[in-house]
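Novice: My file is structure19.cif. It has mmCIF, C-alpha atoms:
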data_model
#
loop_
_atom_site.label_atom_id
_atom_site.label_comp_id
_atom_site.auth_asym_id
_atom_site.auth_seq_id
_atom_site.Cartn_x
_atom_site.Cartn_y
_atom_site.Cartn_z
CA MET A 1 11.72 -23.47 24.18
CA LYS A 2 11.63 -22.95 20.43
CA LYS A 3 10.17 -19.46 20.69
CA PHE A 4 13.13 -18.32 22.81
CA GLU A 5 15.57 -19.94 20.40
CA SER A 6 14.05 -18.04 17.49
CA HIS A 7 14.15 -14.74 19.40
CA GLU A 8 17.81 -15.25 20.24
CA TYR A 9 18.52 -16.01 16.58
CA ILE A 10 16.78 -12.78 15.52
CA GLU A 11 18.67 -10.69 18.08
CA HIS A 12 22.00 -12.05 16.84
CA SER A 13 21.03 -11.42 13.20
CA ILE A 14 20.79 -7.62 13.24
CA ASP A 15 23.96 -7.12 11.19
CA ASP A 16 22.83 -9.66 8.61
CA MET A 17 19.39 -8.05 8.49
CA LEU A 18 20.95 -4.65 7.86
CA ASN A 19 23.21 -6.08 5.15
CA LEU A 20 20.20 -7.59 3.37
CA LEU A 21 18.30 -4.33 3.73
CA LYS A 22 21.22 -2.38 2.28
CA GLU A 23 21.50 -4.72 -0.70
CA MET A 24 17.76 -4.44 -1.31
CA VAL A 25 17.62 -0.64 -0.92
CA LEU A 26 20.53 -0.09 -3.34
CA ILE A 27 18.54 -1.85 -6.08
CA GLN A 28 16.52 0.93 -7.72
CA SER A 29 12.99 -0.50 -7.92
CA GLY A 30 10.56 2.26 -8.81
CA SER A 31 7.23 0.80 -9.87
CA ARG A 32 7.91 1.34 -13.60
CA ASN A 33 11.46 -0.03 -13.39
CA LYS A 34 10.80 -3.67 -14.26
CA VAL A 35 14.49 -4.61 -14.33
CA GLY A 36 15.04 -3.25 -10.82
CA VAL A 37 11.90 -4.77 -9.31
CA ASP A 38 12.82 -8.15 -10.80
CA LEU A 39 16.29 -7.88 -9.25
CA VAL A 40 14.65 -7.42 -5.84
CA ALA A 41 12.52 -10.51 -6.54
CA ASP A 42 15.67 -12.46 -7.44
CA LEU A 43 17.31 -11.39 -4.17
CA ILE A 44 14.24 -12.49 -2.20
CA ALA A 45 14.08 -15.82 -4.05
CA ALA A 46 17.75 -16.49 -3.27
CA PHE A 47 17.10 -15.84 0.44
CA ILE A 48 13.99 -18.04 0.54
CA SER A 49 15.31 -20.99 -1.45
CA PRO A 50 17.19 -22.67 1.46
CA LEU A 51 14.11 -22.40 3.72
CA GLY A 52 12.18 -25.20 2.02
CA LEU A 53 9.33 -23.09 0.61
CA ASN A 54 7.73 -23.47 -2.79
CA LEU A 55 8.23 -20.43 -5.04
CA THR A 56 5.89 -19.41 -7.84
CA THR A 57 6.67 -16.56 -10.23
CA PHE A 58 3.95 -14.80 -12.21
CA PRO A 59 5.85 -13.19 -15.13
CA GLN A 60 4.82 -9.72 -16.30
CA LYS A 61 5.72 -7.92 -19.52
CA GLU A 62 5.83 -4.29 -18.41
CA LEU A 63 5.87 -4.33 -14.61
CA GLY A 64 7.95 -6.48 -12.29
CA ASN A 65 7.16 -10.14 -11.77
CA ILE A 66 4.98 -11.28 -8.86
CA LEU A 67 6.60 -13.77 -6.48
CA VAL A 68 4.61 -16.03 -4.14
CA ALA A 69 6.27 -18.23 -1.50
CA ALA A 70 4.31 -21.06 0.13
CA THR A 71 5.17 -23.49 2.90
CA PRO A 72 4.61 -27.22 2.25
CA SER A 73 1.58 -27.07 4.58
CA ALA A 74 -0.15 -24.24 2.70
CA GLY A 75 -3.37 -25.38 1.07
CA LYS A 76 -6.55 -24.14 -0.54
CA ASN A 77 -7.84 -22.62 2.68
CA SER A 78 -6.98 -21.77 6.31
CA ASN A 79 -3.60 -20.21 5.45
CA ILE A 80 -1.77 -17.35 7.13
CA LEU A 81 -1.03 -14.64 4.57
CA LEU A 82 1.87 -12.18 4.51
CA VAL A 83 1.98 -9.36 1.94
CA GLY A 84 4.81 -7.00 1.05
CA HIS A 85 5.66 -4.92 -2.00
CA MET A 86 9.02 -4.64 -3.75
CA ASP A 87 8.47 -1.34 -5.58
CA THR A 88 9.08 2.21 -4.40
CA VAL A 89 7.68 5.56 -5.50
CA PHE A 90 11.06 6.82 -6.73
CA PRO A 91 11.71 6.79 -10.52
CA ALA A 92 14.70 5.10 -12.11
CA ASP A 93 16.57 8.39 -12.60
CA THR A 94 16.17 9.57 -8.99
CA ASP A 95 19.19 10.95 -7.12
CA PHE A 96 17.83 9.30 -3.98
CA ASN A 97 19.95 6.21 -4.56
CA TRP A 98 21.99 5.79 -1.39
CA PHE A 99 21.92 3.90 1.92
CA LYS A 100 23.12 5.42 5.20
CA GLN A 101 22.92 4.55 8.87
CA ASP A 102 23.88 6.05 12.21
CA ASP A 103 23.60 4.67 15.73
CA ASP A 104 19.80 4.68 15.76
CA ARG A 105 18.45 5.10 12.24
CA VAL A 106 18.74 3.74 8.72
CA TYR A 107 18.07 5.98 5.71
CA GLY A 108 17.41 5.25 2.05
CA PRO A 109 14.74 4.81 -0.63
CA GLY A 110 12.27 2.21 0.55
CA VAL A 111 13.75 1.52 3.99
CA ALA A 112 10.32 2.27 5.45
CA ASP A 113 8.08 1.80 2.42
CA MET A 114 8.63 -1.04 2.45
CA LYS A 115 11.90 -2.91 2.06
CA GLY A 116 12.37 -2.84 5.81
CA GLY A 117 9.08 -4.71 6.08
CA LEU A 118 10.28 -7.28 3.56
CA VAL A 119 13.39 -7.91 5.67
CA VAL A 120 11.22 -8.31 8.79
CA GLY A 121 9.06 -10.87 6.97
CA LEU A 122 11.96 -12.78 5.47
CA TRP A 123 13.79 -13.02 8.78
CA ALA A 124 10.63 -14.19 10.53
CA LEU A 125 10.45 -17.06 8.03
CA SER A 126 14.14 -17.78 8.60
CA ALA A 127 13.68 -17.81 12.39
CA LEU A 128 10.76 -20.25 12.13
CA ALA A 129 12.78 -22.45 9.77
CA LYS A 130 15.69 -22.48 12.25
CA THR A 131 13.42 -23.99 14.89
CA ASP A 132 11.95 -26.45 12.37
CA GLU A 133 8.46 -24.92 12.68
CA LEU A 134 8.01 -23.27 9.30
CA LYS A 135 7.27 -26.35 7.23
CA SER A 136 4.24 -27.23 9.36
CA ILE A 137 2.70 -23.72 9.28
CA PRO A 138 0.19 -23.15 6.43
CA LEU A 139 1.55 -19.83 5.19
CA LYS A 140 1.88 -17.87 1.96
CA PHE A 141 3.90 -14.70 1.35
CA ILE A 142 3.08 -12.50 -1.65
CA PHE A 143 5.81 -10.16 -2.91
CA ASN A 144 4.14 -7.77 -5.33
CA PRO A 145 5.72 -5.27 -7.75
CA ASP A 146 3.09 -2.57 -8.12
CA GLU A 147 1.63 -1.40 -4.80
CA GLU A 148 2.78 2.18 -5.24
CA ILE A 149 0.67 2.48 -8.40
CA GLY A 150 -2.38 0.81 -6.90
CA SER A 151 -1.49 -2.91 -7.37
CA PRO A 152 -3.21 -3.14 -10.79
CA ILE A 153 -1.75 -6.56 -11.63
CA SER A 154 -1.27 -8.06 -8.18
CA ALA A 155 -4.60 -7.15 -6.55
CA PRO A 156 -6.46 -10.16 -8.02
CA ILE A 157 -3.79 -12.55 -6.71
CA ILE A 158 -3.83 -10.88 -3.28
CA ALA A 159 -7.64 -11.06 -3.19
CA ALA A 160 -7.65 -14.74 -4.18
CA GLU A 161 -5.11 -15.65 -1.48
CA ALA A 162 -7.00 -13.56 1.10
CA ARG A 163 -10.07 -15.69 0.48
CA ARG A 164 -7.99 -18.77 1.30
CA SER A 165 -6.61 -17.29 4.53
CA VAL A 166 -7.78 -17.07 8.14
CA ALA A 167 -5.60 -14.05 8.95
CA ALA A 168 -3.23 -11.71 7.14
CA PHE A 169 -0.33 -9.43 8.04
CA VAL A 170 0.79 -6.62 5.74
CA LEU A 171 4.29 -5.35 6.40
CA GLU A 172 4.10 -1.62 5.72
CA CYS A 173 6.12 0.39 8.24
CA GLY A 174 4.86 0.93 11.74
CA SER A 175 4.42 4.38 13.23
CA LEU A 176 7.10 5.81 15.52
CA ASN A 177 4.76 5.42 18.51
CA GLY A 178 4.45 1.68 17.85
CA GLY A 179 1.28 1.96 15.81
CA VAL A 180 -0.10 -1.03 13.93
CA VAL A 181 -3.00 -0.51 11.56
CA THR A 182 -6.52 -1.90 11.96
CA GLY A 183 -8.20 0.46 9.49
CA ARG A 184 -7.51 2.56 6.42
CA LYS A 185 -9.47 4.91 4.22
CA GLY A 186 -10.71 3.72 0.85
CA ARG A 187 -9.71 5.56 -2.29
CA VAL A 188 -11.19 6.30 -5.71
CA GLU A 189 -9.48 8.10 -8.57
CA ILE A 190 -11.74 9.88 -11.04
CA HIS A 191 -10.88 11.37 -14.42
CA MET A 192 -13.27 14.11 -15.60
CA GLU A 193 -13.52 15.77 -19.01
CA ALA A 194 -15.40 18.85 -20.14
CA ARG A 195 -16.06 19.67 -23.79
CA GLY A 196 -17.23 22.99 -25.17
CA ARG A 197 -16.99 24.81 -28.51
CA SER A 198 -13.75 26.34 -29.79
CA GLY A 199 -13.50 29.78 -31.32
CA HIS A 200 -11.35 32.89 -31.64
CA ALA A 201 -10.92 34.74 -28.36
CA ALA A 202 -11.30 38.10 -30.12
CA PHE A 203 -14.93 37.29 -30.93
CA ALA A 204 -15.81 35.45 -27.74
CA GLY A 205 -18.51 36.94 -25.57
CA ARG A 206 -20.62 36.04 -22.60
CA GLU A 207 -22.20 33.15 -24.53
CA LYS A 208 -18.93 31.30 -25.24
CA ALA A 209 -18.95 27.58 -24.43
CA SER A 210 -15.63 27.40 -22.61
CA ALA A 211 -14.63 23.96 -21.36
CA ILE A 212 -12.23 25.54 -18.86
CA GLU A 213 -14.93 27.78 -17.42
CA GLU A 214 -17.20 24.77 -16.97
CA MET A 215 -14.37 22.82 -15.37
CA ALA A 216 -13.65 25.72 -13.00
CA HIS A 217 -17.21 25.44 -11.67
CA LEU A 218 -16.74 21.69 -11.28
CA VAL A 219 -13.47 22.08 -9.36
CA LEU A 220 -15.04 24.48 -6.87
CA ALA A 221 -18.09 22.26 -6.40
CA LEU A 222 -15.94 19.18 -5.83
CA GLU A 223 -13.63 20.90 -3.34
CA LYS A 224 -16.65 22.08 -1.34
CA LEU A 225 -17.50 18.42 -0.64
CA ASN A 226 -14.59 18.12 1.79
CA GLY A 227 -15.92 17.30 5.25
CA ARG A 228 -19.55 17.19 4.11
CA SER A 229 -19.55 13.52 5.10
CA PRO A 230 -17.51 12.67 8.22
CA GLY A 231 -14.69 10.66 6.61
CA LEU A 232 -14.71 12.17 3.13
CA THR A 233 -11.80 14.04 1.51
CA VAL A 234 -11.77 15.26 -2.10
CA ASN A 235 -8.74 16.66 -3.89
CA VAL A 236 -8.51 17.91 -7.47
CA GLY A 237 -4.87 17.09 -8.12
CA THR A 238 -4.28 17.96 -11.79
CA ILE A 239 -5.96 20.17 -14.36
CA ALA A 240 -5.27 20.77 -18.06
CA GLY A 241 -7.04 22.23 -21.07
CA GLY A 242 -7.05 24.63 -23.97
CA ILE A 243 -4.44 25.26 -26.65
CA GLY A 244 -3.63 28.95 -26.11
CA PRO A 245 -4.89 32.22 -24.62
CA ASN A 246 -6.32 33.42 -27.94
CA THR A 247 -8.61 30.39 -28.35
CA VAL A 248 -11.81 29.50 -26.54
CA PRO A 249 -10.96 26.13 -24.96
CA GLU A 250 -12.85 23.19 -26.41
CA TYR A 251 -11.45 20.68 -23.91
CA ALA A 252 -10.42 20.54 -20.26
CA GLU A 253 -9.71 17.68 -17.88
CA ILE A 254 -9.03 17.06 -14.20
CA ASN A 255 -7.95 14.12 -12.04
CA VAL A 256 -9.56 13.77 -8.63
CA ASP A 257 -8.52 11.79 -5.54
CA VAL A 258 -11.39 10.79 -3.24
CA ARG A 259 -10.81 9.18 0.19
CA PHE A 260 -13.50 7.77 2.46
CA VAL A 261 -13.82 5.87 5.73
CA SER A 262 -17.13 4.11 5.10
CA LYS A 263 -19.55 3.07 2.38
CA GLU A 264 -21.82 5.89 3.59
CA ASP A 265 -19.10 8.42 2.72
CA MET A 266 -18.78 6.96 -0.75
CA ASN A 267 -22.53 6.87 -1.32
CA PHE A 268 -22.72 10.55 -0.34
CA PHE A 269 -19.94 11.42 -2.79
CA GLU A 270 -21.48 9.47 -5.68
CA ALA A 271 -24.83 11.24 -5.23
CA ALA A 272 -23.12 14.64 -5.03
CA LEU A 273 -21.00 13.89 -8.10
CA HIS A 274 -24.11 13.02 -10.11
CA ARG A 275 -25.70 16.36 -9.17
CA ILE A 276 -22.55 18.27 -10.06
CA VAL A 277 -21.97 16.77 -13.51
CA THR A 278 -25.62 17.05 -14.55
CA SER A 279 -25.92 20.71 -13.56
CA ASN A 280 -23.99 22.48 -16.29
CA ALA A 281 -22.98 26.00 -15.30
CA VAL A 282 -21.88 26.93 -18.83
CA ALA A 283 -24.34 26.48 -21.70
CA GLY A 284 -23.06 24.46 -24.64
CA THR A 285 -20.65 22.31 -22.59
CA GLN A 286 -20.81 18.66 -21.66
CA VAL A 287 -19.10 16.75 -18.89
CA LYS A 288 -18.26 13.08 -18.54
CA PHE A 289 -16.19 11.11 -16.06
CA ARG A 290 -14.77 7.68 -15.43
CA GLN A 291 -13.40 5.89 -12.41
CA SER A 292 -9.75 5.01 -13.05
CA SER A 293 -9.11 3.02 -9.85
CA CYS A 294 -10.88 2.04 -6.64
CA LEU A 295 -9.91 0.55 -3.29
CA ALA A 296 -12.57 -0.28 -0.72
CA PRO A 297 -11.93 0.98 2.81
CA MET A 298 -10.21 -1.24 5.34
CA GLU A 299 -12.82 -0.84 8.03
CA GLN A 300 -11.94 -1.45 11.66
CA SER A 301 -13.95 -4.66 11.74
CA GLU A 302 -14.37 -6.96 14.71
CA GLY A 303 -12.13 -9.47 12.95
CA ASN A 304 -9.37 -6.88 12.60
CA ARG A 305 -9.71 -5.88 16.24
CA ASP A 306 -9.60 -9.52 17.36
CA LEU A 307 -6.39 -9.92 15.39
CA PHE A 308 -5.05 -6.71 16.95
CA ARG A 309 -5.70 -8.16 20.41
CA LEU A 310 -3.60 -11.17 19.41
CA VAL A 311 -0.81 -8.85 18.24
CA SER A 312 -1.09 -6.75 21.40
CA ASP A 313 -0.92 -9.81 23.65
CA ARG A 314 2.21 -11.06 21.85
CA ALA A 315 3.76 -7.59 22.07
CA ASP A 316 3.09 -7.43 25.83
CA MET A 317 4.84 -10.76 26.31
CA LEU A 318 7.85 -9.45 24.39
CA GLY A 319 7.93 -6.08 26.14
CA ILE A 320 7.18 -4.27 22.87
CA GLU A 321 4.80 -1.31 22.76
CA VAL A 322 2.04 -1.34 20.16
CA VAL A 323 -0.97 0.93 19.72
CA GLU A 324 -3.97 0.63 17.43
CA GLU A 325 -3.93 3.04 14.49
CA PHE A 326 -6.31 4.18 11.78
CA ARG A 327 -4.25 5.32 8.79
CA GLN A 328 -5.38 7.77 6.11
CA GLY A 329 -3.56 6.19 3.15
CA CYS A 330 -4.31 2.93 1.35
CA SER A 331 -2.32 -0.28 1.00
CA ASP A 332 -2.74 -3.90 -0.06
CA ALA A 333 -4.47 -4.42 3.30
CA ASN A 334 -7.52 -2.71 1.77
CA THR A 335 -7.70 -5.50 -0.81
CA VAL A 336 -7.40 -8.18 1.87
CA ALA A 337 -10.04 -6.55 4.07
CA HIS A 338 -12.49 -6.32 1.16
CA GLU A 339 -12.48 -10.13 1.04
CA GLY A 340 -13.56 -10.29 4.69
CA THR A 341 -10.24 -11.65 5.97
CA PRO A 342 -9.00 -10.27 9.31
CA VAL A 343 -5.89 -8.22 8.57
CA ILE A 344 -3.35 -6.13 10.46
CA ASP A 345 -1.07 -3.70 8.64
CA GLY A 346 1.96 -1.69 9.74
CA LEU A 347 3.91 -4.66 11.15
CA GLY A 348 7.12 -3.52 9.47
CA PRO A 349 9.86 -1.59 11.31
CA LEU A 350 9.04 1.77 12.86
CA GLY A 351 9.72 4.59 10.41
CA ASP A 352 8.69 7.94 9.01
CA GLN A 353 9.14 10.40 6.14
CA ASP A 354 8.45 7.76 3.49
CA HIS A 355 7.97 9.04 -0.09
CA SER A 356 10.69 11.61 0.59
CA HIS A 357 14.49 11.88 0.64
CA ARG A 358 14.23 11.95 4.46
CA GLU A 359 12.82 8.40 4.70
CA PHE A 360 14.13 6.42 7.67
CA ILE A 361 13.48 3.54 10.08
CA LEU A 362 14.60 2.94 13.65
CA LYS A 363 17.32 0.32 13.49
CA GLN A 364 16.35 -1.64 16.62
CA SER A 365 12.76 -1.93 15.44
CA LEU A 366 13.86 -4.41 12.77
CA VAL A 367 14.61 -6.87 15.57
CA GLU A 368 11.52 -6.00 17.62
CA ARG A 369 9.06 -6.27 14.75
CA CYS A 370 10.66 -9.48 13.50
CA LYS A 371 10.22 -11.03 16.96
CA LEU A 372 6.63 -9.78 17.05
CA LEU A 373 5.74 -11.12 13.61
CA THR A 374 7.34 -14.49 14.39
CA SER A 375 5.33 -14.74 17.60
CA CYS A 376 2.09 -13.70 15.85
CA ILE A 377 2.53 -16.33 13.13
CA ARG A 378 3.15 -18.95 15.79
CA GLU A 379 0.03 -17.89 17.75
CA CYS A 380 -2.15 -17.80 14.60
CA ARG A 381 -1.12 -21.33 13.80
CA SER A 382 -2.21 -22.61 17.22
CA ARG A 383 -5.37 -20.48 17.38
CA PHE A 384 -6.77 -21.09 13.88
#
Show me the file's structure as structure tokens.
Specialist:
Amino acid sequence: MKKFESHEYIEHSIDDMLNLLKEMVLIQSGSRNKVGVDLVADLIAAFISPLGLNLTTFPQKELGNILVAATPSAGKNSNILLVGHMDTVFPADTDFNWFKQDDDRVYGPGVADMKGGLVVGLWALSALAKTDELKSIPLKFIFNPDEEIGSPISAPIIAAEARRSVAAFVLECGSLNGGVVTGRKGRVEIHMEARGRSGHAAFAGREKASAIEEMAHLVLALEKLNGRSPGLTVNVGTIAGGIGPNTVPEYAEINVDVRFVSKEDMNFFEAALHRIVTSNAVAGTQVKFRQSSCLAPMEQSEGNRDLFRLVSDRADMLGIEVVEEFRQGCSDANTVAHEGTPVIDGLGPLGDQDHSHREFILKQSLVERCKLLTSCIRECRSRF
């Protein structure tokens, strides 16, 4: 009986859900805007406080604070983990600072990525509290401030809680076809530098040690790696160097984004990179590189697929369509998966065009995904 009571409560809460979403979206919370991200955390804390959860804040100096909510039954292991981020990609001075809705859609910065997912998660907790179930479910919910810049401060906390959990749900937006995510590519960022020998361009000849020329060879070699291993993509995203056209450039640098499906892809890239940087094309130059960030792939493991079957079964019972999806981008689900914890991502509302001024979600999917998440939490509790 309780499950039907909670679903009815969710259905009747759509206006309140939209009001909370609007309030959250109108707080500018770009990753570097600590004040704004902390205001989102305050709003979340105010919503959670009446639900009987324990709140822990991890203060940060430069980025927003990390907020972790835990039910009284949460312990050192066998928890259910929810993860959602409070930051957006949009800077503090963006003109994308409005909230709009029509009959079917809601628009605004972060409605899909991922304030809509936060509302789904919060209302699922509220629905379970209404039926007096929440306090007996061992559950933790991490609200992190830095996902859009790679979760540099929150990843260790997410990893630690993943190790204490039997299953995890990450609330990034779902795809418009009902997709929920069982796998994601891994990602590595690499910074590369080339150094040569400066000199006057008027006297430079074929023997000049140009850092830019060496870097040009590197860029072409790196770009040719695309598709050489089945799930590998390589993109040289930025390049800089030199001080002027009349000077032989002594320094050049690039930043490279590498995505991969499997460890085999990454091993192939690392071997190729070693060959490229040790085979100087321009005499008198030297090249060095460093890895600036790394996320392991979220592989479509048997544990993830078992959890997807649970989600799919719950969706069938609710008359909600879901499909399994492999997604190209990364999220905090990569961190969870690296710890060996079964994880499903994309359980937020259905949306599209995130990271753009066209970002939107389907309004009714807030209700549907909230029902689905509530049902999945309930089933995880009984199954694990």
Novice: Applied to the shown file, which residues does the PyMOL selection byres ((chain A and resi 245-262) around 9) return, written as a PDB file with C-alpha atoms, in the coordinates of the input?
Specialist:
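Ended up saving to selection28.pdb:
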ATOM      1  CA  GLY A 183      -8.200   0.460   9.490  1.00  0.00           C
ATOM      2  CA  ARG A 184      -7.510   2.560   6.420  1.00  0.00           C
ATOM      3  CA  LYS A 185      -9.470   4.910   4.220  1.00  0.00           C
ATOM      4  CA  GLY A 186     -10.710   3.720   0.850  1.00  0.00           C
ATOM      5  CA  ARG A 187      -9.710   5.560  -2.290  1.00  0.00           C
ATOM      6  CA  VAL A 188     -11.190   6.300  -5.710  1.00  0.00           C
ATOM      7  CA  GLU A 189      -9.480   8.100  -8.570  1.00  0.00           C
ATOM      8  CA  ILE A 190     -11.740   9.880 -11.040  1.00  0.00           C
ATOM      9  CA  HIS A 191     -10.880  11.370 -14.420  1.00  0.00           C
ATOM     10  CA  MET A 192     -13.270  14.110 -15.600  1.00  0.00           C
ATOM     11  CA  GLU A 193     -13.520  15.770 -19.010  1.00  0.00           C
ATOM     12  CA  ALA A 194     -15.400  18.850 -20.140  1.00  0.00           C
ATOM     13  CA  ARG A 195     -16.060  19.670 -23.790  1.00  0.00           C
ATOM     14  CA  GLY A 196     -17.230  22.990 -25.170  1.00  0.00           C
ATOM     15  CA  ARG A 197     -16.990  24.810 -28.510  1.00  0.00           C
ATOM     16  CA  SER A 198     -13.750  26.340 -29.790  1.00  0.00           C
ATOM     17  CA  GLY A 199     -13.500  29.780 -31.320  1.00  0.00           C
ATOM     18  CA  HIS A 200     -11.350  32.890 -31.640  1.00  0.00           C
ATOM     19  CA  ALA A 201     -10.920  34.740 -28.360  1.00  0.00           C
ATOM     20  CA  ALA A 202     -11.300  38.100 -30.120  1.00  0.00           C
ATOM     21  CA  ALA A 204     -15.810  35.450 -27.740  1.00  0.00           C
ATOM     22  CA  LYS A 208     -18.930  31.300 -25.240  1.00  0.00           C
ATOM     23  CA  ALA A 209     -18.950  27.580 -24.430  1.00  0.00           C
ATOM     24  CA  SER A 210     -15.630  27.400 -22.610  1.00  0.00           C
ATOM     25  CA  ALA A 211     -14.630  23.960 -21.360  1.00  0.00           C
ATOM     26  CA  ILE A 212     -12.230  25.540 -18.860  1.00  0.00           C
ATOM     27  CA  GLU A 213     -14.930  27.780 -17.420  1.00  0.00           C
ATOM     28  CA  GLU A 214     -17.200  24.770 -16.970  1.00  0.00           C
ATOM     29  CA  MET A 215     -14.370  22.820 -15.370  1.00  0.00           C
ATOM     30  CA  VAL A 219     -13.470  22.080  -9.360  1.00  0.00           C
ATOM     31  CA  LEU A 222     -15.940  19.180  -5.830  1.00  0.00           C
ATOM     32  CA  SER A 229     -19.550  13.520   5.100  1.00  0.00           C
ATOM     33  CA  PRO A 230     -17.510  12.670   8.220  1.00  0.00           C
ATOM     34  CA  GLY A 231     -14.690  10.660   6.610  1.00  0.00           C
ATOM     35  CA  LEU A 232     -14.710  12.170   3.130  1.00  0.00           C
ATOM     36  CA  THR A 233     -11.800  14.040   1.510  1.00  0.00           C
ATOM     37  CA  VAL A 234     -11.770  15.260  -2.100  1.00  0.00           C
ATOM     38  CA  ASN A 235      -8.740  16.660  -3.890  1.00  0.00           C
ATOM     39  CA  VAL A 236      -8.510  17.910  -7.470  1.00  0.00           C
ATOM     40  CA  GLY A 237      -4.870  17.090  -8.120  1.00  0.00           C
ATOM     41  CA  THR A 238      -4.280  17.960 -11.790  1.00  0.00           C
ATOM     42  CA  ILE A 239      -5.960  20.170 -14.360  1.00  0.00           C
ATOM     43  CA  ALA A 240      -5.270  20.770 -18.060  1.00  0.00           C
ATOM     44  CA  GLY A 241      -7.040  22.230 -21.070  1.00  0.00           C
ATOM     45  CA  GLY A 242      -7.050  24.630 -23.970  1.00  0.00           C
ATOM     46  CA  ILE A 243      -4.440  25.260 -26.650  1.00  0.00           C
ATOM     47  CA  GLY A 244      -3.630  28.950 -26.110  1.00  0.00           C
ATOM     48  CA  LYS A 263     -19.550   3.070   2.380  1.00  0.00           C
ATOM     49  CA  GLU A 264     -21.820   5.890   3.590  1.00  0.00           C
ATOM     50  CA  ASP A 265     -19.100   8.420   2.720  1.00  0.00           C
ATOM     51  CA  MET A 266     -18.780   6.960  -0.750  1.00  0.00           C
ATOM     52  CA  ASN A 267     -22.530   6.870  -1.320  1.00  0.00           C
ATOM     53  CA  PHE A 269     -19.940  11.420  -2.790  1.00  0.00           C
ATOM     54  CA  THR A 285     -20.650  22.310 -22.590  1.00  0.00           C
ATOM     55  CA  ALA A 296     -12.570  -0.280  -0.720  1.00  0.00           C
ATOM     56  CA  PRO A 297     -11.930   0.980   2.810  1.00  0.00           C
ATOM     57  CA  MET A 298     -10.210  -1.240   5.340  1.00  0.00           C
ATOM     58  CA  GLU A 299     -12.820  -0.840   8.030  1.00  0.00           C
ATOM     59  CA  GLN A 328      -5.380   7.770   6.110  1.00  0.00           C
ATOM     60  CA  GLY A 329      -3.560   6.190   3.150  1.00  0.00           C
TER      61      GLY A 329
END
Novice: Taking all atoms listed in the file into account, name the residue in A:Asp102, A:Glu359, A:Asp87, A:Glu321 that is nearest to Ala41 (chain A).
Specialist: A:Asp87
Novice: Taking the file above as input, evaluate the PyMOL selection byres ((chain A and resi 165) around 9) and report the hits as JSON, numbers by chain.
Specialist: {"A": [76, 77, 78, 79, 80, 81, 139, 140, 161, 162, 163, 164, 166, 167, 168, 341, 342]}
Novice: Using all atoms listed in the file, which residue out of A:Pro109, A:Leu122, A:Ala271, A:Leu18 lies closest to Ser49 (chain A)?
Specialist: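 Between A:Pro109, A:Leu122, A:Ala271, A:Leu18, the residue approaching Ser49 (chain A) most closely is A:Leu122.
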Novice: Need the neighbours of (14.2, -3.5, 7.5): which residues are at most 7 Å away, counting only C-alpha atoms, as number ranges by chain?
Specialist: A: 17-18, 21, 111, 115-120, 349, 366
Novice: What does the structure give for the distance between CA of Gly64 (chain A) and CA of Val35 (chain A), in Å to one decimal?
Specialist: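 Interatomic distance here is 7.1 Å.
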Novice: Using all atoms listed in the file, which of A:Gly205, A:Phe96, A:Leu171, A:Arg305 sits nearest Gly108 (chain A)?
Specialist: A:Phe96
